[in-house]
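Containing mmCIF, C-alpha atoms: coords-v6.cif.
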data_model
#
loop_
_atom_site.group_PDB
_atom_site.id
_atom_site.type_symbol
_atom_site.label_atom_id
_atom_site.label_comp_id
_atom_site.auth_asym_id
_atom_site.auth_seq_id
_atom_site.Cartn_x
_atom_site.Cartn_y
_atom_site.Cartn_z
ATOM 1 C CA GLY A 234 105.085 107.160 96.577
ATOM 2 C CA GLU A 235 108.619 108.120 95.845
ATOM 3 C CA GLU A 236 110.872 106.689 93.188
ATOM 4 C CA ILE A 237 114.235 105.128 94.002
ATOM 5 C CA GLU A 238 116.798 107.908 94.099
ATOM 6 C CA GLU A 239 119.944 105.815 94.463
ATOM 7 C CA ALA A 240 120.930 102.162 94.133
ATOM 8 C CA ARG A 241 124.149 100.469 95.238
ATOM 9 C CA TRP A 242 125.596 96.944 95.323
ATOM 10 C CA PHE A 243 127.106 95.532 98.533
ATOM 11 C CA SER A 244 128.895 92.379 99.576
ATOM 12 C CA ARG A 245 127.647 90.945 102.873
ATOM 13 C CA GLU A 246 130.676 92.383 104.654
ATOM 14 C CA GLU A 247 130.168 95.820 103.081
ATOM 15 C CA LEU A 248 126.503 95.804 104.048
ATOM 16 C CA ARG A 249 127.340 94.743 107.620
ATOM 17 C CA ALA A 250 129.800 97.662 107.889
ATOM 18 C CA ALA A 251 127.301 100.097 106.335
ATOM 19 C CA PHE A 252 124.626 99.057 108.853
ATOM 20 C CA ALA A 253 127.113 99.379 111.739
ATOM 21 C CA SER A 254 128.236 102.863 110.684
ATOM 22 C CA GLY A 255 124.699 104.111 110.013
ATOM 23 C CA GLU A 256 125.571 104.758 106.363
ATOM 24 C CA VAL A 257 122.692 102.454 105.353
ATOM 25 C CA LEU A 258 119.473 101.847 107.271
ATOM 26 C CA PRO A 259 117.732 98.522 106.780
ATOM 27 C CA PRO A 260 114.212 98.478 105.340
ATOM 28 C CA SER A 261 111.227 98.014 107.621
ATOM 29 C CA GLY A 262 110.960 94.527 109.110
ATOM 30 C CA ILE A 263 107.533 93.924 107.573
ATOM 31 C CA SER A 264 108.502 94.791 103.997
ATOM 32 C CA ILE A 265 109.208 92.359 101.181
ATOM 33 C CA ALA A 266 112.547 94.130 100.643
ATOM 34 C CA ALA A 267 113.543 93.444 104.252
ATOM 35 C CA ARG A 268 112.740 89.742 103.917
ATOM 36 C CA LEU A 269 114.628 89.370 100.612
ATOM 37 C CA ILE A 270 117.700 91.156 101.960
ATOM 38 C CA GLU A 271 117.553 89.169 105.207
ATOM 39 C CA LEU A 272 117.484 85.863 103.298
ATOM 40 C CA TRP A 273 120.540 86.904 101.281
ATOM 41 C CA TYR A 274 122.274 88.492 104.303
ATOM 42 C CA GLY A 275 121.969 85.247 106.260
ATOM 43 C CA GLN A 276 120.820 86.729 109.578
ATOM 44 C CA PRO A 277 118.194 89.080 110.953
ATOM 45 C CA LEU A 278 118.632 92.690 109.903
ATOM 46 C CA PRO A 279 119.441 95.239 112.590
ATOM 47 C CA ASP A 280 116.569 97.423 113.787
ATOM 48 C CA PRO A 281 116.334 100.694 111.819
ATOM 49 C CA GLN A 282 117.300 103.633 113.987
#
Starting from the coordinates I provided, produce the structure as structure tokens.
Amino acid sequence: GEEIEEARWFSREELRAAFASGEVLPPSGISIAARLIELWYGQPLPDPQ
């Protein structure tokens, strides 16, 4: 696989805005990362586009 190339920290509001703008795409719905982020985010993640 590939190594992580970039990491960033977001508040919930910053992440919501980044998803809405397309700046950040959420991880796949079946991944552990998606589930962990979703639990912290407090709602289902948007579908990756």
* Asked: So what does the PyMOL selection byres ((chain A and resi 281) around 9) actually pick up in this one, as a count of residues only?
  -> 10
Exercise: Trp273 in chain A partners within 10 Å, all atoms listed in the file, chain neighbours under 4 positions left out, as a PDB file with C-alpha atoms, in the frame of the given file:
ATOM      1  CA  ARG A 245     127.647  90.945 102.873  1.00  0.00           C
ATOM      2  CA  ARG A 268     112.740  89.742 103.917  1.00  0.00           C
ATOM      3  CA  LEU A 269     114.628  89.370 100.612  1.00  0.00           C
TER       4      LEU A 269
END
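Residue nearest Glu239 in chain A, chosen from A:Val257, A:Glu271, A:Ala251, A:Ile263 and counting all atoms listed in the file: A:Val257.
Pairwise distance (CA of Gly275 in chain A, CA of Trp242 in chain A) equals 16.4 Å.
CA of Arg249 in chain A lies 14.3 Å from CA of Ala267 in chain A.
Across the structure, CA of Tyr274 in chain A and CA of Glu246 in chain A are spaced 9.3 Å apart.
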